[in-house]
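Data first, discussion second: the structure below is written as structure tokens.
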Amino acid sequence: MDSPSLLDLFYLPEYLREALAEALVRGELMSYEVADTVSTVVFSLVVAAIYFGVVGIVAWGMYRRAHAEEALDRAAAGSHRAVSVDAPWHKLVPNGFEADLCAWVVNDQGVARVFVATVLRLLRAGVMEIRHASLEDGLMEFVLRGDPDCADELGRAATDLIFPEGSRRVYLREVMDESVWTTEVVGDQIYRFAGLAESSCAKAGLIDPDDGHASERHNRFSVAFVLMGLVGAIWFSSAVPSPVTIVVFIASSVLLALSQRLIRTRALAPAGVLVVERLETLATRLRAAADSGERIGDAGVSAAELIEYAVVVGLRAQELARLADASGSASLRRLVSEPLFNSEADGIGLSSKELASYRRRFGIVGGKTTRCGVIARIYDRRDEWYREQMSD
């Protein structure tokens with residue numbers, strides 16, 4: 001008997017699929033046409049199980065590793081007395097830390113959330129103001145009424161993302177104008193802000209800087225997965241329709257890329273453990289307040305400050321809106337809760353066509369658009385644009 005050749009190995013999936021179809025026919029279970037279809041479906045499911053199974057195993061391993069490391073950090077901090085979820089609002093806020101400046105203690109921190117919290121802080125402090133503008137200009141005008149403190153590096157980085165150099169008034173149309181962006185400037189703005197979001201916590205002694213080893217391991221595996229996955233897609237295409245293998249390969253590669261979010265973005269110092277546990281308790285209380293309609297804030301911490309913490313800990317837009325509605329603050333409701341399209345000073349709303357055009361123009365999707373939601377989109381739009389440019 002001749003030993004199997006490389007060509008036989010290449011067509012092995014097809015041989016196996018045909019063998020399964022013939023077995024179904026010999027068993028008089030179905031006609032050959034139906035058996036061929038069934039065997040193709042079975043092998044398609046096998047291919048999907050292999051690809052998604054590998055991604056799932058990797059993601060689960062990363063998740064378990066992150067939780068084990070987190071447990072070690074918390075154990076190293078020693079025992080301490082946790083704050084009750086029913087404590088006064090000012091007792092739930094980390095002492096001496098603004099929301100955006102301690103945000104990186106929250107693992108898997110979205111940089112856009114830090115950006116929103118920073119802008120909200122600047123608005124609360126009166127450094128920045130948002131005014132109404134025409135539809136053509138994007139319905140929003142940003143005005144820089146002062147300058148962030150010299151020590152407020154994060155605030156200065158946030159204003160650089162909104163205001164062109166030397167400008168103190170800018171319309172949303174100009175902020176989102178991709179035609180004037182360059183990869184050097186946008187990349188510098190993004191990485192500077194993200195770096196400061198992490199370094200602010202490191203300087204405060206809350207976290208240890210990320211050594212990048214976990215990200216490097218993930219990147220190396222991602223490259224290997226893409227190369228081997230491509231070879232596998234070609235190999236399985238002898239038994240499975242090419243569109244199926246391509247869809248499975250692309251979908252599993254995307255899921256693998258998204259699994260990078262499971263990597264810990266920081267290691268907690270003992271002081272950071274206290275802060276992150278305080279934020280976890282605060283998040284529980286804020287979500288309960290959003291559900292019950294409880295008014296947030298007290299003499300020690302304002303509702304506006306608590307909204308910033310709510311952004312950092314990841315409350316949804318609907319929860320933020322309910323907190324703002326119950327806050328008793330008209331300015332906070334206008335910023336976080338009121339739909340941008342229905343609250344213009346002249347009382348004229350937008351037609352569905354105008355609304356659709358606005359959303360396409362500024363890349364805004366999802367439910368009702370608020371000013372707070374547009375602020376988040378400012379960072380996301382730059383980040384998406386930069387990644388697209390780098391991938392071309």
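Ordered as shown in the structure tokens, chains take letters A, B, and onward, while each chain numbers its residues from 1 and ligands are numbered from 1 in the order shown.
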Report the residues of region 298-328 of chain A whose backbone DSSP state falls under helix (DSSP H, G or I), written as an MDAnalysis selection string. chainID A and resid 303:312 317:327
Selection from above, N, CA and C atoms, as a PDB file, in the first residue's frame, can you write it?
ATOM      1  N   ALA A 303     -23.929  65.971  42.962  1.00  0.00           N
ATOM      2  CA  ALA A 303     -24.464  65.022  41.987  1.00  0.00           C
ATOM      3  C   ALA A 303     -23.603  64.997  40.734  1.00  0.00           C
ATOM      4  N   ALA A 304     -23.081  66.165  40.336  1.00  0.00           N
ATOM      5  CA  ALA A 304     -22.244  66.228  39.136  1.00  0.00           C
ATOM      6  C   ALA A 304     -20.982  65.396  39.308  1.00  0.00           C
ATOM      7  N   GLU A 305     -20.372  65.450  40.480  1.00  0.00           N
ATOM      8  CA  GLU A 305     -19.187  64.630  40.736  1.00  0.00           C
ATOM      9  C   GLU A 305     -19.530  63.148  40.693  1.00  0.00           C
ATOM     10  N   LEU A 306     -20.668  62.787  41.261  1.00  0.00           N
ATOM     11  CA  LEU A 306     -21.060  61.378  41.275  1.00  0.00           C
ATOM     12  C   LEU A 306     -21.359  60.860  39.881  1.00  0.00           C
ATOM     13  N   ILE A 307     -21.872  61.720  39.006  1.00  0.00           N
ATOM     14  CA  ILE A 307     -22.092  61.318  37.617  1.00  0.00           C
ATOM     15  C   ILE A 307     -20.759  60.976  36.959  1.00  0.00           C
ATOM     16  N   GLU A 308     -19.723  61.725  37.288  1.00  0.00           N
ATOM     17  CA  GLU A 308     -18.398  61.438  36.730  1.00  0.00           C
ATOM     18  C   GLU A 308     -17.916  60.056  37.175  1.00  0.00           C
ATOM     19  N   TYR A 309     -18.115  59.738  38.460  1.00  0.00           N
ATOM     20  CA  TYR A 309     -17.756  58.400  38.941  1.00  0.00           C
ATOM     21  C   TYR A 309     -18.624  57.339  38.267  1.00  0.00           C
ATOM     22  N   ALA A 310     -19.888  57.664  38.036  1.00  0.00           N
ATOM     23  CA  ALA A 310     -20.789  56.711  37.380  1.00  0.00           C
ATOM     24  C   ALA A 310     -20.309  56.391  35.971  1.00  0.00           C
ATOM     25  N   VAL A 311     -19.782  57.388  35.274  1.00  0.00           N
ATOM     26  CA  VAL A 311     -19.221  57.172  33.942  1.00  0.00           C
ATOM     27  C   VAL A 311     -18.016  56.237  34.029  1.00  0.00           C
ATOM     28  N   VAL A 312     -17.135  56.499  34.979  1.00  0.00           N
ATOM     29  CA  VAL A 312     -15.894  55.738  35.127  1.00  0.00           C
ATOM     30  C   VAL A 312     -16.174  54.275  35.438  1.00  0.00           C
ATOM     31  N   ALA A 317     -25.891  54.459  29.598  1.00  0.00           N
ATOM     32  CA  ALA A 317     -26.424  55.789  29.318  1.00  0.00           C
ATOM     33  C   ALA A 317     -27.799  55.985  29.960  1.00  0.00           C
ATOM     34  N   GLN A 318     -28.631  54.926  29.927  1.00  0.00           N
ATOM     35  CA  GLN A 318     -29.963  55.040  30.521  1.00  0.00           C
ATOM     36  C   GLN A 318     -29.881  55.250  32.029  1.00  0.00           C
ATOM     37  N   GLU A 319     -28.926  54.591  32.678  1.00  0.00           N
ATOM     38  CA  GLU A 319     -28.756  54.752  34.120  1.00  0.00           C
ATOM     39  C   GLU A 319     -28.246  56.150  34.448  1.00  0.00           C
ATOM     40  N   LEU A 320     -27.312  56.646  33.640  1.00  0.00           N
ATOM     41  CA  LEU A 320     -26.814  58.008  33.847  1.00  0.00           C
ATOM     42  C   LEU A 320     -27.952  59.015  33.711  1.00  0.00           C
ATOM     43  N   ALA A 321     -28.802  58.791  32.720  1.00  0.00           N
ATOM     44  CA  ALA A 321     -29.923  59.711  32.490  1.00  0.00           C
ATOM     45  C   ALA A 321     -30.871  59.724  33.674  1.00  0.00           C
ATOM     46  N   ARG A 322     -31.160  58.538  34.236  1.00  0.00           N
ATOM     47  CA  ARG A 322     -32.068  58.480  35.385  1.00  0.00           C
ATOM     48  C   ARG A 322     -31.463  59.166  36.608  1.00  0.00           C
ATOM     49  N   LEU A 323     -30.158  59.008  36.791  1.00  0.00           N
ATOM     50  CA  LEU A 323     -29.486  59.686  37.908  1.00  0.00           C
ATOM     51  C   LEU A 323     -29.549  61.195  37.740  1.00  0.00           C
ATOM     52  N   ALA A 324     -29.328  61.653  36.507  1.00  0.00           N
ATOM     53  CA  ALA A 324     -29.380  63.096  36.238  1.00  0.00           C
ATOM     54  C   ALA A 324     -30.786  63.640  36.435  1.00  0.00           C
ATOM     55  N   ASP A 325     -31.790  62.885  35.994  1.00  0.00           N
ATOM     56  CA  ASP A 325     -33.178  63.334  36.147  1.00  0.00           C
ATOM     57  C   ASP A 325     -33.552  63.494  37.615  1.00  0.00           C
ATOM     58  N   ALA A 326     -33.020  62.603  38.465  1.00  0.00           N
ATOM     59  CA  ALA A 326     -33.368  62.648  39.886  1.00  0.00           C
ATOM     60  C   ALA A 326     -32.463  63.586  40.682  1.00  0.00           C
ATOM     61  N   SER A 327     -31.470  64.176  40.027  1.00  0.00           N
ATOM     62  CA  SER A 327     -30.483  64.981  40.748  1.00  0.00           C
ATOM     63  C   SER A 327     -31.012  66.346  41.174  1.00  0.00           C
TER      64      SER A 327
END
Test item: residues at most 12 Å from Ala75 (chain A), only C-alpha atoms, excluding those fewer than 3 positions along its chain, as a PyMOL selection string: chain A and resi 68-72+78-80+268-270+273-274
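Between CA of Ala76 (chain A) and CA of Val275 (chain A) there is a distance of 14.4 Å.
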Residues within 12 Å of Val42 (chain A), only C-alpha atoms, excluding chain neighbours under 5 positions, as a list in words: Pro13, Leu16, Arg17, Glu18, Leu20, Ala21, Ala35, Asp36, Thr37, Val47, Ala48, Ala49, Ala239 and Val240 of chain A
Can you write just those residues out, C-alpha atoms, as a PDB file, in the first residue's frame?
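Written out: again.pdb:
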ATOM      1  CA  PRO A  13     -11.330  16.845   4.977  1.00  0.00           C
ATOM      2  CA  LEU A  16     -13.869  12.398   5.416  1.00  0.00           C
ATOM      3  CA  ARG A  17     -16.920  14.418   4.375  1.00  0.00           C
ATOM      4  CA  GLU A  18     -17.578  12.099   1.440  1.00  0.00           C
ATOM      5  CA  LEU A  20     -19.721  10.402   6.090  1.00  0.00           C
ATOM      6  CA  ALA A  21     -22.146  11.053   3.224  1.00  0.00           C
ATOM      7  CA  ALA A  35     -26.545  13.094   2.811  1.00  0.00           C
ATOM      8  CA  ASP A  36     -24.059  15.348   1.013  1.00  0.00           C
ATOM      9  CA  THR A  37     -25.761  18.427   2.424  1.00  0.00           C
ATOM     10  CA  VAL A  47     -14.699  23.844  11.647  1.00  0.00           C
ATOM     11  CA  ALA A  48     -16.604  26.442  13.644  1.00  0.00           C
ATOM     12  CA  ALA A  49     -16.129  24.417  16.838  1.00  0.00           C
ATOM     13  CA  ALA A 239     -14.854  19.928   2.502  1.00  0.00           C
ATOM     14  CA  VAL A 240     -16.633  23.122   3.514  1.00  0.00           C
TER      15      VAL A 240
END
